[in-house]
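Below is one structure, written out as structure tokens; comments come after it.
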Amino acid sequence: MFKVMKTQSNPSLIGSRVPRSDARAKVCGTEKFIADYSLPGMLHVAVIRSPVPCGELRGSNRQYLETLPGVVATVFAEDIPGENCVPIVWRDMPALATGKAKYAGEPVGLIGAETAEAARRALAMAKLDIHPLQAVTDPEKARDNDALKVYGEDNVFSHLVIRRGNIEKAFAEAAAVVEGTYRTPYQEHAYLEPQGMLAIPEGDGSITVMGSMQCPFYVQSAVATVLGLPLAKVRVIQAATGGAFGGKEDVPSLVATQAALIAWKTGRPARLIYSREEDIISMSKRHPAVIHYRSAADSAGRLLAVEADYILDGGAYATLSPVVLWRSIVHSVGPYRCPNVKVDARAVATNRVPCGAFRGFGSPQILFAVECQMDQLAAKLGVEPAEIRRRNLLAVGDATATGQILKNSVGSLETLEKALAAAGVAPSKEAGEGRRAGRGMSTIFYGMGLGAGGVHLARTGATVQILQDGSAIFSVGTTEMGQGMRTVLGQIVAEELGIAFNCVHMTPTDTSRVPDSGPTVASRSTTMSGNALLRACAPLRETLLHVAAGILEAESANLVLTQGKVETRGTNPPRAVELQKVIDECFRRRECLASEGWYRTEGTTFDRATGQGDAYVAYAWATNIVDIEVDTETGVVEVMRIVAAHDVGRAVNLSGVEGQIEGGTVQGMGYALLEEILCQDGIIQNSEFGLYHIPTAEDAPKIEPIVVEKPFDGGPFGAKGFGEQPLMGIAPAIANAVADAIGIRFSELPITPERVLAALNSKTAI
Amino acid sequence: MTQILVPKDLQEALELLAIDHPPRLLAGGTDLLVLRKDNPEKFASFLVLENVRELCGIHKENNRIRIGSRATHSEIEHSSILMKYAPVLAHAAAEIGSVQIRNRGTIGGNIVNASPAGDLIPALIALDAVAELHSLYRKREIPLREFFLGPGRTVCRLNELLVAIHFELPDAREHGVFLKIGPRKAVACSKVNVAVQALMHHRTVEWIRIALGAVAPTVIRAPRTEAWLQGKRLSPELIAEARAMVREEISPITDIRSTVEYRRHVAGVLIERALESSLSK
Ligand SMILES: Cc1cc2nc3c(=O)[nH]c(=O)nc-3n(C[C@H](O)[C@H](O)[C@H](O)COP(=O)(O)OP(=O)(O)OC[C@H]3O[C@@H](n4cnc5c(N)ncnc54)[C@H](O)[C@@H]3O)c2cc1C
């Protein structure tokens with residue numbers, strides 16, 4: 001099915017620990033983020049937002065605002081020159097609310113002013129005539145008959161199912177059945193750099209937008225829609241982006257329309273940098289979920305059936321919810337064989353902030369339930385948590401819950417065994433006075449790339465050019481957001497062309513340089529842009545070898561291109577020519593040393609009626625083993641050690657993979673123990689980092705990354721891509737460890753000291 | 001426009017303060033600049049204490065220790081004088097924020113900011129510290145336990161300056177402990193904090209001062225528990241009783257950072273741990 005891509009046996013740069021090419025600039029502070037850009041005549045934008053979760057918009061004091069010192073323009077829905085819509089999966093979200101505001105923090109109007117100070121002062125004076133309406137603020141009540149309608153007739157954006165086998169029969173015959181209701185909270189991305197955009201109207205009727213983002217082509221489409229321009233007249237350039245985690249997938253489109261509308265109305269450059277507070281109240285989050293989950297196993301500990309019925313809180317607009325929901329159902333049974341599956345998943349509409357992409361994309365919620373269930377099944381059957389997983393893990397030749405037969409690159413069992421070996425014997429449960437220790441594990445999988453749910457976007461472009469001095473530039477349509485893509489892709493280009501890594505440079509991602517390459521999400525950049533780059537490099541290699549063959553008087557088929565030179569193979573002694581000489585000769589002959597590559601994913605399928613199909617081209621596999629200690633007097637759960645084994649296909653950059661494991665693991669710890677958006681009647685209460693806590697470096701436990709490499713024949717050098725998986729299985733592993741330590745099962749996150757203590761006290765009371 | 005005044009010494013600072021709407025004192029700015037972010041209009045004028053040398057230093061003076069209000073948490077944390085004579089304060093400082101915050105934040109700011117959760121305050125109250133307030137026209141000394149009126153409110157007037165804090169040189173046999181529970185290990189506002197300073201003689205409590213933060217509108221002492229412990233021999237049973245008694249003496253609330261039940265329970269646990277650590281000495 002897949003064309004076998006480059007799988008060189010012993011490449012020098014691939015698998016190495018090349019330092020991040022962007023590290024120096026970021027550490028030294030010379031990297032330019034969007035807030036570092038400023039232009040003559042540039043306006044500053046402030047956004048007027050709805051103070052209520054649901055309200056009828058009747059007017060504003062915009063005339064007054066326009067008289068305030070420094071204010072140049074205001075923009076409301078009626079001024080939008082194009083369509084008032086930010087297209088994401090659907091087209092239900094307006095750029096500026098009109099008629100009705102549907103969540104607290106929803107943008108209603110824009111102010112453009114000479115200084116940030118003037119914009120802020122005007123914002124403080126802005127008044128909306130807004131008549132508060134009753135709101136749907138509890139996702140669990142969104143589907144009640146008498147609930148107000150935020151979306152459609154039933155407040156359901158999307159309902160997806162899996163129907164496989166016959167669960168009734170399986171549950172009737174099972175030796176063990178476990179049932180639970182799991183609740184997972186919002187998670188805030190907490191990227192270092194808040195959202196920001198700069199829009200520059202060009203004199204020729206086109207507009208350039210720069211900013212912090214993952215997906216320039218999404219931004220391009222949103223700006224074109226709102227301004228009523230052809231895509232050709234909207235150029236989007238990604239500025240250095242200070243973290244994203246999915247939080248800069250869809251919502252930067254909205255932010256860009258805000259800067260662009262002021263720029264368009266005034267003809268002046270306009271910049272908008274979000275404050276942390278407005279970022280937290282109005283930008284996307286991980287979907288809260290409520291999951292009813294039932295699993296059955298036979299006496300040999302084999303999973304027989306799964307029934308899951310759950311909701312994700314999509315918020316007021318669909319944004320990415322339909323595809324987040326899709327990924328979640330594909331992962332809804334975990335990395336296990338299970339012949340009978342019935343899943344009903346719904347993304348519901350509420351008057352709350354729209355939820356979107358976040359590392360794992362709907363899978364961490366459902367995997368939390370799956371992995372807590374597995375431990376409970378094991379306990380019921382009297383087998384070890386590792387053993388029940390061993391008996392059920394998918395292997396080559398098995399079918400997934402969506403009926404996909406796995407053909408290659410399945411490292412599930414290897415991650416399990418390697419993690420177990422590294423973790424060794426669990427520490428004693430008695431961890432000193434008032435302290436109990438526990439060990440928990442999770443085994444998870446992750447569908448690589450967009451899969452069948454996003455197949456229309458599953459393509460990428462790249463260009464590569466060798467310059468006269470022997471250096472090379474390349475461009476791709478995916479973005480660097482701190483994940484290390486630029487380094488990994490630079491390694492691939494350097495490896496392919498024999499050019500030194502530090503002579504290879506990636507240009508800023510720019511919609512005018514490469515064709516629409518889809519989004520930078522789903523851990524897809526290394527594989528997708530990597531494959532496109534391999535294709536772009538191929539003709540350049542051919543030219544180099546052809547020209548070298550002339551110089552060396554050899555057949556080009558008998559030449560190898562290595563770092564800095566071309567050598568003959570099979571002659572004794574080998575003859576060689578310096579690569580620079582070859583390049584000089586190419587230029588003398590006026591050969592074209594620029595090339596393009598294009599790659600698209602083939603072969604995914606999905607049937608919506610049954611939820612069956614080949615959902616993803618490949619899966620990544622992981623096992624986490626977590627040791628914790630619970631202070632039984634204060635309820636504090638301390639994570640002591642995490643062993644995380646990940647099958648990544650091929651680690652193109654080993655340090656990069658380990659960095660992802662460390663960062664994702666700590667972010668998963670925050671999700672498990674700490675992070676909670678407090679939303680009261682639809683209004684977020686803790687929109688600042690003094691009240692929304694993420695783990696600090698001091699909270700990080702000892703993390704032991706283990707890299708497993710089961711090459712994927714559709715990825716560059718066998719790579720499957722990496723980034724999301726490290727977060728996904730941490731929360732259930734921690735919950736399982738807590739259950740192991742104190743015998744209390746938490747099915748709601750986060751497991752805060754307050755909750756632990758309350759549970760311990762009620763248990764002691766019983 | 002923000003006005004920034006940079007007096008060269010204490011006298012000039014006091015003169016600049018002696019007006020009707022005096023400028024706001026700015027020490028490390030780690031509380032004030034956070035406040036200003038949301039409300040810049042309210043803070044039109046600052047008096048920066050950067051050059052006022054009279055506010056610096058940590059000194060042992062005969063039978064007392066005197067700490068200039070501009071001493072940073074880092075200076076306090078690493079002060080050999082405090083490590084030796086008042087480790088309770090050095091330990092409290094070490095628990096504040098992050099290295100960056102400790103390098104900027106000052107003891108004066110921590111006190112005058114008057115957060116019920118401020119970490120140095122229980123330690124200072126357990127040391128029975130005294131605040132030295134100066135204005136152009138008068139100087140006064142206020143025991144810290146009488147200094148706080150409510151969250152963010154103190155007896156320090158707008159044209160007064162907290163110059164220093166002093167306390168009696170602790171006896172070498174005294175023992176002090178600071179403990180805090182926050183949401184995470186660093187950069188964390190206390191859900192509950194406690195400081196205990198005691199003089200023990202063969203496990204018998206000669207005297208003890210217990211101060212608790214984030215369990216009442218201001219940092220408070222636990223006088224009933226202190227009095228009850230005095231003269232008694234520490235034992236696990238006694239500690240358990242003290243734990244229960246402290247829980248009765250506080251009036252925590254449920255807010256965005258924690259719950260009343262949690263705070264009440266953990267305040268008892270921290271007192272228990274502080275007393276146990278005295279026991280082990
Ligand atoms: C990220 C972060 C983490 C933090 N963590 C902690 C923590 O763990 N524990 C904790 O207790 N605090 C913490 N804080 C709060 C703060 O750092 C401390 O309260 C610090 O001691 C304040 O000192 P400052 O010098 O920065 O005060 P400033 O912000 O300069 O001033 C605070 C107040 O005191 C007044 N003031 C300052 N000096 C004087 C003076 N000499 N005379 C009269 N008035 C004066 C100011 O006018 C202002 O009202 C944290 C703050 C941040 C931003």
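Just so we're on the same page: first chain in the structure tokens is A, next is B, and so on; residues restart at 1 for each chain, and ligands are numbered from 1 in the order they show up.
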Contacts with ligand 1 at most 6 Å, only C-alpha atoms and all ligand atoms counted, listed as number ranges by chain:
B: 24-32, 69, 96-97, 101, 104-110, 112-113, 118-119, 161-163, 187-189
With a cut-off of 6 Å and counting only C-alpha atoms, select all residues of chain B in contact with chain A and give the selection as a PyMOL selection string.
chain B and resi 185+262+266
Determine, counting only C-alpha atoms, which protein, DNA and RNA residues have an atom within 6 Å of an atom of Leu394 (chain A); residues of the same chain fewer than 6 positions away are not included. Present the result as a list in words.
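Result of the neighbour search: Pro335, Tyr336 and Arg337 of chain A.
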Mind dumping the selected residues with C-alpha atoms as a JSON list (two decimals), in the first residue's frame?
```
[["chain", "number", "residue", "atom", "x", "y", "z"],
["A", 335, "PRO", "CA", -4.45, -0.58, 22.16],
["A", 336, "TYR", "CA", -6.32, -3.82, 22.67],
["A", 337, "ARG", "CA", -8.06, -6.55, 20.74]]
```
So that I can check the secondary structure, give me every residue of region 141-196 of chain A assigned alpha helix (DSSP H) by backbone DSSP, as a count of residues only.
7
Using only C-alpha atoms, which residues sit within 6 Å of Ala615 (chain A) once same-chain residues fewer than 4 positions away are excluded, as a count of residues only?
4
Residues of region 128-192 of chain A classed as strand (DSSP E or B) by DSSP on the backbone are to be reported as an MDAnalysis selection string.
chainID A and resid 128:132 156:164 176:184 187
Would you work out the distance separating CA of Phe157 (chain A) from CA of Ile444 (chain A), expressed in Å to one decimal?
27.2 Å
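Taking CA of Met485 (chain A) and CA of Asn624 (chain A) as endpoints, the distance between them is 24.4 Å.
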Go through A:Glu433, A:Leu559, A:Val514, A:His189 and flag the residue nearest Arg273 (chain B), using only C-alpha atoms for the distances.
A:Glu433
Proximity to Leu212 (chain B) - best of B:Ile76, B:Leu169, B:Ile125, B:Val260, only C-alpha atoms
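Looking only at the distances to Leu212 (chain B), the closest residue turns out to be B:Ile125.
Going from CA of Leu238 (chain B) to CA of Arg221 (chain B) covers 18.9 Å.
If only C-alpha atoms are the atoms counted, then among A:Leu579, A:Ala240, A:Ala256, A:Val396 the closest residue to Phe217 (chain A) is A:Ala256.
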I want to know what sits within 7 Å of Ala114 (chain B), based on only C-alpha atoms, with residues of the same chain fewer than 6 positions away left out; could you give that as a PyMOL selection string?
chain B and resi 148+151-154
For all heavy atoms, I'd like the residues from the last selection saved as an mmCIF file, in the first residue's frame.
```
data_model
loop_
_atom_site.group_PDB
_atom_site.id
_atom_site.type_symbol
_atom_site.label_atom_id
_atom_site.label_comp_id
_atom_site.auth_asym_id
_atom_site.auth_seq_id
_atom_site.Cartn_x
_atom_site.Cartn_y
_atom_site.Cartn_z
ATOM 1 N N PHE B 148 -1.506 44.122 61.180
ATOM 2 C CA PHE B 148 -2.410 43.785 60.069
ATOM 3 C C PHE B 148 -3.867 43.991 60.456
ATOM 4 O O PHE B 148 -4.300 43.571 61.521
ATOM 5 C CB PHE B 148 -2.185 42.328 59.641
ATOM 6 C CG PHE B 148 -0.769 42.084 59.216
ATOM 7 C CD1 PHE B 148 0.152 41.510 60.080
ATOM 8 C CD2 PHE B 148 -0.339 42.489 57.957
ATOM 9 C CE1 PHE B 148 1.465 41.307 59.693
ATOM 10 C CE2 PHE B 148 0.972 42.288 57.557
ATOM 11 C CZ PHE B 148 1.883 41.697 58.429
ATOM 12 N N PRO B 151 -7.079 41.585 54.893
ATOM 13 C CA PRO B 151 -6.328 41.283 53.671
ATOM 14 C C PRO B 151 -5.914 42.574 52.977
ATOM 15 O O PRO B 151 -6.764 43.407 52.656
ATOM 16 C CB PRO B 151 -7.329 40.499 52.815
ATOM 17 C CG PRO B 151 -8.385 40.028 53.759
ATOM 18 C CD PRO B 151 -8.429 41.029 54.879
ATOM 19 N N GLY B 152 -4.629 42.777 52.786
ATOM 20 C CA GLY B 152 -4.139 43.962 52.089
ATOM 21 C C GLY B 152 -4.207 45.234 52.914
ATOM 22 O O GLY B 152 -3.896 46.313 52.412
ATOM 23 N N ARG B 153 -4.613 45.137 54.171
ATOM 24 C CA ARG B 153 -4.746 46.366 54.986
ATOM 25 C C ARG B 153 -3.861 46.284 56.224
ATOM 26 O O ARG B 153 -3.862 45.293 56.940
ATOM 27 C CB ARG B 153 -6.198 46.569 55.393
ATOM 28 C CG ARG B 153 -7.098 46.915 54.187
ATOM 29 C CD ARG B 153 -8.433 47.478 54.639
ATOM 30 N NE ARG B 153 -9.078 46.576 55.587
ATOM 31 C CZ ARG B 153 -9.429 46.927 56.827
ATOM 32 N NH1 ARG B 153 -9.229 48.157 57.260
ATOM 33 N NH2 ARG B 153 -10.006 46.052 57.619
ATOM 34 N N THR B 154 -3.114 47.378 56.450
ATOM 35 C CA THR B 154 -2.216 47.413 57.607
ATOM 36 C C THR B 154 -2.331 48.776 58.276
ATOM 37 O O THR B 154 -3.002 49.675 57.759
ATOM 38 C CB THR B 154 -0.742 47.227 57.188
ATOM 39 O OG1 THR B 154 -0.309 48.422 56.531
ATOM 40 C CG2 THR B 154 -0.553 46.045 56.270
#
```
